[in-house]
>>> print(open('work.pdb').read())   # PDB, C-alpha atoms
ATOM      1  CA  MET I   1     -67.208-397.007   3.862
ATOM      2  CA  GLN I   2     -67.240-400.140   1.742
ATOM      3  CA  ALA I   3     -65.067-403.008   2.908
ATOM      4  CA  GLY I   4     -61.733-403.131   1.146
ATOM      5  CA  LEU I   5     -61.609-399.446   0.193
ATOM      6  CA  ASP I   6     -59.327-396.960   1.910
ATOM      7  CA  ILE I   7     -59.246-393.216   1.554
ATOM      8  CA  VAL I   8     -55.549-392.377   1.559
ATOM      9  CA  LEU I   9     -54.440-388.764   1.582
ATOM     10  CA  PRO I  10     -50.923-387.321   1.411
ATOM     11  CA  PHE I  11     -51.174-386.771   5.153
ATOM     12  CA  GLY I  12     -52.795-390.039   6.187
ATOM     13  CA  VAL I  13     -55.781-392.323   5.873
ATOM     14  CA  ILE I  14     -59.358-391.377   6.701
ATOM     15  CA  GLU I  15     -60.402-394.124   9.098
ATOM     16  CA  THR I  16     -63.900-393.215  10.083
ATOM     17  CA  GLU I  17     -67.476-394.079   9.425
ATOM     18  CA  ASN I  18     -68.069-390.355   8.837
ATOM     19  CA  TRP I  19     -65.854-390.067   5.762
ATOM     20  CA  LYS I  20     -68.780-388.718   3.747
ATOM     21  CA  LEU I  21     -68.985-385.744   6.086
ATOM     22  CA  GLU I  22     -65.228-385.224   6.264
ATOM     23  CA  ILE I  23     -64.205-385.481   2.624
ATOM     24  CA  GLU I  24     -65.641-382.167   1.376
ATOM     25  CA  LYS I  25     -64.346-380.409   4.496
ATOM     26  CA  ILE I  26     -60.851-381.712   3.730
ATOM     27  CA  VAL I  27     -61.170-380.706   0.064
ATOM     28  CA  ILE I  28     -61.970-377.145   1.126
ATOM     29  CA  GLU I  29     -59.476-376.860   4.007
ATOM     30  CA  GLU I  30     -56.587-378.312   1.996
ATOM     31  CA  ASN I  31     -57.505-376.448  -1.218
ATOM     32  CA  ILE I  32     -57.667-379.730  -3.163
ATOM     33  CA  ASP I  33     -58.527-379.168  -6.827
ATOM     34  CA  ARG I  34     -59.163-382.794  -7.815
ATOM     35  CA  ILE I  35     -59.323-386.284  -6.374
ATOM     36  CA  VAL I  36     -57.478-389.204  -7.950
ATOM     37  CA  VAL I  37     -58.701-392.743  -7.292
ATOM     38  CA  GLY I  38     -56.860-395.938  -8.166
ATOM     39  CA  TYR I  39     -58.802-398.077 -10.649
ATOM     40  CA  PRO I  40     -58.183-401.794 -10.131
ATOM     41  CA  LEU I  41     -57.546-403.862 -13.246
ATOM     42  CA  LYS I  42     -56.061-407.275 -13.898
ATOM     43  CA  VAL I  43     -52.763-407.499 -15.770
ATOM     44  CA  THR I  44     -54.858-408.286 -18.877
ATOM     45  CA  GLY I  45     -56.778-405.016 -18.484
ATOM     46  CA  GLU I  46     -59.976-406.717 -17.375
ATOM     47  CA  ASP I  47     -61.921-405.665 -14.302
ATOM     48  CA  THR I  48     -61.057-407.258 -10.954
ATOM     49  CA  ASP I  49     -63.317-408.307  -8.100
ATOM     50  CA  SER I  50     -62.797-404.812  -6.639
ATOM     51  CA  THR I  51     -63.620-402.809  -9.760
ATOM     52  CA  ASP I  52     -67.379-402.596  -9.165
ATOM     53  CA  ALA I  53     -66.821-401.356  -5.611
ATOM     54  CA  VAL I  54     -64.439-398.658  -6.842
ATOM     55  CA  VAL I  55     -66.843-397.576  -9.601
ATOM     56  CA  SER I  56     -69.598-397.291  -7.000
ATOM     57  CA  PHE I  57     -67.291-395.386  -4.629
ATOM     58  CA  VAL I  58     -66.242-392.941  -7.367
ATOM     59  CA  SER I  59     -69.866-392.327  -8.307
ATOM     60  CA  GLU I  60     -70.750-391.622  -4.687
ATOM     61  CA  LEU I  61     -67.676-389.450  -4.218
ATOM     62  CA  LYS I  62     -68.551-387.324  -7.264
ATOM     63  CA  ASN I  63     -71.867-386.502  -5.586
ATOM     64  CA  LEU I  64     -70.161-385.476  -2.335
ATOM     65  CA  VAL I  65     -67.366-383.185  -3.479
ATOM     66  CA  SER I  66     -67.112-379.999  -5.492
ATOM     67  CA  VAL I  67     -63.982-381.005  -7.434
ATOM     68  CA  PRO I  68     -63.380-383.433 -10.299
ATOM     69  CA  VAL I  69     -62.811-387.087  -9.409
ATOM     70  CA  GLU I  70     -60.568-389.012 -11.792
ATOM     71  CA  THR I  71     -59.396-392.618 -11.919
ATOM     72  CA  VAL I  72     -55.955-394.004 -12.696
ATOM     73  CA  ASP I  73     -54.942-397.559 -13.542
ATOM     74  CA  GLU I  74     -53.436-398.947 -10.335
ATOM     75  CA  ARG I  75     -51.961-402.139 -11.757
ATOM     76  CA  PHE I  76     -48.649-403.068 -10.135
ATOM     77  CA  THR I  77     -48.759-400.256  -7.549
ATOM     78  CA  THR I  78     -48.982-402.615  -4.576
ATOM     79  CA  ALA I  79     -46.048-404.677  -5.860
ATOM     80  CA  GLN I  80     -44.029-401.501  -6.406
ATOM     81  CA  ALA I  81     -45.053-400.141  -3.005
ATOM     82  CA  LYS I  82     -43.743-403.286  -1.295
ATOM     83  CA  GLN I  83     -40.296-402.464  -2.665
ATOM     84  CA  MET I  84     -40.299-398.906  -1.302
ATOM     85  CA  ASP I  85     -38.476-397.907   1.860
ATOM     86  CA  GLY I  86     -39.851-395.547   4.452
ATOM     87  CA  GLU I  87     -42.346-395.437   7.267
ATOM     88  CA  ALA I  88     -45.480-394.863   5.194
ATOM     89  CA  SER I  89     -48.018-397.687   5.141
ATOM     90  CA  LEU I  90     -48.335-399.950   2.119
ATOM     91  CA  ASP I  91     -51.587-398.168   1.176
ATOM     92  CA  GLU I  92     -49.934-394.758   1.477
ATOM     93  CA  LYS I  93     -47.027-395.874  -0.709
ATOM     94  CA  ALA I  94     -49.420-397.286  -3.325
ATOM     95  CA  ALA I  95     -51.367-394.005  -3.222
ATOM     96  CA  MET I  96     -48.127-392.096  -3.870
ATOM     97  CA  LEU I  97     -47.482-394.276  -6.907
ATOM     98  CA  ILE I  98     -51.034-393.790  -8.179
ATOM     99  CA  LEU I  99     -50.650-390.017  -7.871
ATOM    100  CA  GLN I 100     -47.264-390.129  -9.600
ATOM    101  CA  THR I 101     -48.786-392.147 -12.452
ATOM    102  CA  TYR I 102     -51.521-389.516 -12.754
ATOM    103  CA  VAL I 103     -49.012-386.643 -12.814
ATOM    104  CA  ASP I 104     -46.787-388.432 -15.336
ATOM    105  CA  LYS I 105     -49.700-389.034 -17.714
ATOM    106  CA  ARG I 106     -50.671-385.351 -17.567
ATOM    107  CA  SER I 107     -47.148-384.178 -18.454
TER
END
>>> encode(input="work.pdb", output="structure tokens")
Amino acid sequence: MQAGLDIVLPFGVIETENWKLEIEKIVIEENIDRIVVGYPLKVTGEDTDSTDAVVSFVSELKNLVSVPVETVDERFTTAQAKQMDGEASLDEKAAMLILQTYVDKRS
């Protein structure tokens, strides 16, 4: 996996070099119908230093899975996650916020 990118799922983080082999298996086993990826942007809406890596990751992911892969603006999610209580990691909390943003925009 590329440095600086985490795969965070509702039940944990994939921490393995074999994520490419595991991701489709998880999609099937967990009956996942789409994958949502946080898209890093500056406050101004411009790309960040991480944007190219995420675009590359999303492109690769689309070739590995049988479900749609969508991106969601992740601005402010880390700051919001730092204010959340609970035992989940900062990345897991940010992922929850990204998913909530996605759900809210679809409503």
>>> closest_residue(input="work.pdb", among="I:Val103, I:Met96, I:Val37, I:Leu90", to="Lys62 (chain I)", atoms="all atoms listed in the file")
I:Val37
>>> residues_around(input="work.pdb", residues="Leu61 (chain I)", least_positions_apart="5", cutoff="10 Å", atoms="all atoms listed in the file", output="VMD selection string")
chain I and resid 20 23 to 24 35 55 to 56 66 to 69
>>> atom_distance(input="work.pdb", atom1="CA of Asp49 (chain I)", atom2="CA of Asp104 (chain I)")
26.8 Å
>>> atom_distance(input="work.pdb", atom1="CA of Glu30 (chain I)", atom2="CA of Gln80 (chain I)")
27.7 Å
>>> atom_distance(input="work.pdb", atom1="CA of Leu21 (chain I)", atom2="CA of Pro40 (chain I)")
25.2 Å
>>> residues_near_point(input="work.pdb", point="(-47.2, -398.0, 2.0)", cutoff="12 Å", atoms="all atoms listed in the file", output="VMD selection string")
chain I and resid 8 to 10 12 to 13 77 to 98
>>> closest_residue(input="work.pdb", among="I:Ser59, I:Asn18, I:Thr71, I:Ser107", to="Tyr39 (chain I)", atoms="all atoms listed in the file")
I:Thr71
>>> closest_residue(input="work.pdb", among="I:Val72, I:Ile14, I:Ile28, I:Val58", to="Leu41 (chain I)", atoms="all atoms listed in the file")
I:Val72
